[in-house]
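Scroll down for the structure; my scribbles are underneath it.
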Amino acid sequence: MKKKILIVVAHPDDETFGMAGTIAKHISERNKVLAISFTDGVSSRDKGRLTYKSRIASLKKAEKILGFKWVKNLDFEDNQLDKVGLLKLAKEIEKIKKKIKFDIVYTHNYSDLNIDHQLVSRATLTAFRPENKIKNPEIRFFEIPSSTDFASYKIDGSFKPNLFINITKFWKKKIKAVKAYRQELRKKPHSLSLSGITNLAKLRGSQSSKLYSEAFEIVRKIEE
């Protein structure tokens with residue numbers, strides 16, 4: 001049975017760095033995968049390094065490579081979602097929720113270092129709070145190199161994966177999608193370098209007896 005899947009991210013690129021292999025796997029299974037991003041992803045950076053125009057080009061390229069569809073790319077200022085407010089973020093998600101009944105919703109891990117990730121995670125949980133007599137989707141958190149791993153568990157908890165998805169067959173596609181956001185990549189041994197991304201996938205793979213895996217935390221699953 002085909003599934004309807006929503007990915008809720010703070011920045012266009014989070015979907016790729018966090019779960020490109022899983023997206024490709026869902027698409028191969030003929031599931032419908034939609035995504036929404038909230039910020040321009042560039043306005044907090046040094047001028048000249050990245051532009052919103054280049055980010056739009058990158059997100060469209062990643063969309064084409066992986067086969068999912070962006071339903072909305074909002075342009076709130078990068079790393080300033082705390083000025084927007086939780087209610088406004090949640091309402092944007094609810095607009096999509098009212099149109100489509102999703103089976104699975106992916107979003108950021110709440111304990112990430114990045115403030116935008118934290119707020120989008122909270123807004124997603126708010127928008128999809130359990131309700132009677134409607135379809136409640138399974139909610140999964142994913143990890144982001146240089147955000148999830150740079151956080152401190154003493155402040156906001158930690159990412160504790162309990163779901164590992166084998167992406168070995170889709171590894172080359174993930175790397176191709178990651179390169180669509182080439183300007184975001186760092187030099188090794190940074191965790192946001194190609195080698196860092198590869199090492200993380202191999203670590204999650206070894207934890208699940210696979211070559212390459214992506215890890216998730218199932219936050220809520222309601223069975224009727």
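Following the order of the structure tokens, chains are lettered A, B, ..., residues in each are numbered from 1, and ligands are numbered from 1.
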
Query raised in the report: Near Asp112 of chain A, counting only C-alpha atoms, which residues have an atom at most 12 Å away, once you skip same-chain residues fewer than 6 positions from it, shown as a list in words?
Result: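 What passes the distance filter is Ala10, Gln118, Leu119, Val120, Ser121, Arg122, Phe141, Phe142, Glu143, Ile144, Pro145, Ser146, Ser147, Thr148, Asp149, Phe150, Ala151, Ser152, Tyr153, Lys154, Ile155, Asp156, Gly157, Ser158, Phe159 and Lys160 of chain A.
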
Kindly assemble as a tab-separated table a list of the segment 31-128 of chain A residues that lie within 10 Å of segment 182-192 of chain A, each paired with its nearest atom pair and their distance in Å to one decimal, using only C-alpha atoms, sorted first by chain and then by ascending residue number.
residue	atom	partner	partner_atom	distance
A:Arg49	CA	A:Gln183	CA	8.1
A:Leu50	CA	A:Gln183	CA	7.4
A:Ser54	CA	A:Gln183	CA	9.3
A:Arg55	CA	A:Gln183	CA	9.2
A:Ser58	CA	A:Arg182	CA	8.5

**Report entry** Residues flagged alpha helix (DSSP H) by DSSP in chain A, as an MDAnalysis selection string
**Finding:** chainID A and resid 14:28 52:66 86:99 115:127 153:156 171:180 194:206

Requested in this report: May I ask which of the residues A:Leu125, A:Ala177, A:Met1, A:Ile197 is the closest one to Ala90 of chain A, counting only C-alpha atoms?
Outcome: A:Leu125

Query raised in the report: Between atom CA of Asp14 of chain A and atom CA of Gln80 of chain A, what is the distance, to one decimal in Å?
Result: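 Between atom CA of Asp14 of chain A and atom CA of Gln80 of chain A the gap is 16.2 Å.
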
Requested in this report: Might you pull out every residue within 12 Å of Lys95 of chain A, with only C-alpha atoms counted and same-chain residues fewer than 5 positions away left off, and present them as a PyMOL selection string?
Outcome: chain A and resi 36+71-72+88-90+100-101+124+127-128

Got time to write the residues from that selection, C-alpha atoms, as a CSV table (one decimal), in the first residue's frame?
chain,number,residue,atom,x,y,z
A,36,ILE,CA,8.3,21.9,3.3
A,71,VAL,CA,5.1,21.8,-1.6
A,72,LYS,CA,6.3,25.0,0.0
A,88,LYS,CA,2.9,30.7,13.0
A,89,LEU,CA,5.2,27.8,12.2
A,90,ALA,CA,2.7,25.2,13.3
A,100,ILE,CA,-3.4,15.4,2.9
A,101,LYS,CA,-3.6,12.6,5.4
A,124,THR,CA,5.7,19.7,13.8
A,127,ALA,CA,0.7,20.5,14.3
A,128,PHE,CA,0.4,16.7,14.5

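Atom to atom, atom CA of Phe164 of chain A and atom CA of Ser37 of chain A stand 24.0 Å apart.
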
Requested in this report: Please provide as a list in words all residues within 8 Å of His11 of chain A, with the sequence filter that same-chain residues fewer than 2 positions apart are discarded (counting only C-alpha atoms).
Outcome: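 Answer for this query is Val9, Asp13, Asp14, Ser37, Phe38, Thr39, Asp40, Gly41 and Asp78 of chain A.
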
Taking only residues of segment 31-140 of chain A that have an atom at most 9 Å from an atom of segment 210-223 of chain A, what is each one's shortest atom pair and its distance in Å to one decimal, using only C-alpha atoms, in chain and number order, as JSON lines?
{"residue": "A:Tyr106", "atom": "CA", "partner": "A:Phe216", "partner_atom": "CA", "distance": 8.9}
{"residue": "A:Asn109", "atom": "CA", "partner": "A:Glu217", "partner_atom": "CA", "distance": 8.1}
{"residue": "A:Pro130", "atom": "CA", "partner": "A:Ile222", "partner_atom": "CA", "distance": 8.5}
{"residue": "A:Asn136", "atom": "CA", "partner": "A:Ile222", "partner_atom": "CA", "distance": 6.7}
{"residue": "A:Pro137", "atom": "CA", "partner": "A:Lys221", "partner_atom": "CA", "distance": 7.0}
{"residue": "A:Glu138", "atom": "CA", "partner": "A:Lys221", "partner_atom": "CA", "distance": 4.6}
{"residue": "A:Ile139", "atom": "CA", "partner": "A:Arg220", "partner_atom": "CA", "distance": 5.2}
{"residue": "A:Arg140", "atom": "CA", "partner": "A:Ile218", "partner_atom": "CA", "distance": 4.5}

Requested in this report: Step one, run DSSP on the backbone; step two, keep only residues of chain A assigned to strand (DSSP E or B); then write them as a VMD selection string.
Outcome: chain A and resid 4 to 9 32 to 39 69 to 76 104 to 108 138 to 142 163 to 166 213 to 220

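A straight line drawn from atom CA of Ile167 of chain A to atom CA of Gly21 of chain A is 5.2 Å long.
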
Requested in this report: Go through A:Val178, A:Ile165, A:Leu66, A:Ala123 and flag the residue nearest Ala24 of chain A, using only C-alpha atoms for the distances.
Outcome: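 The answer is A:Leu66, which sits nearest to Ala24 of chain A.
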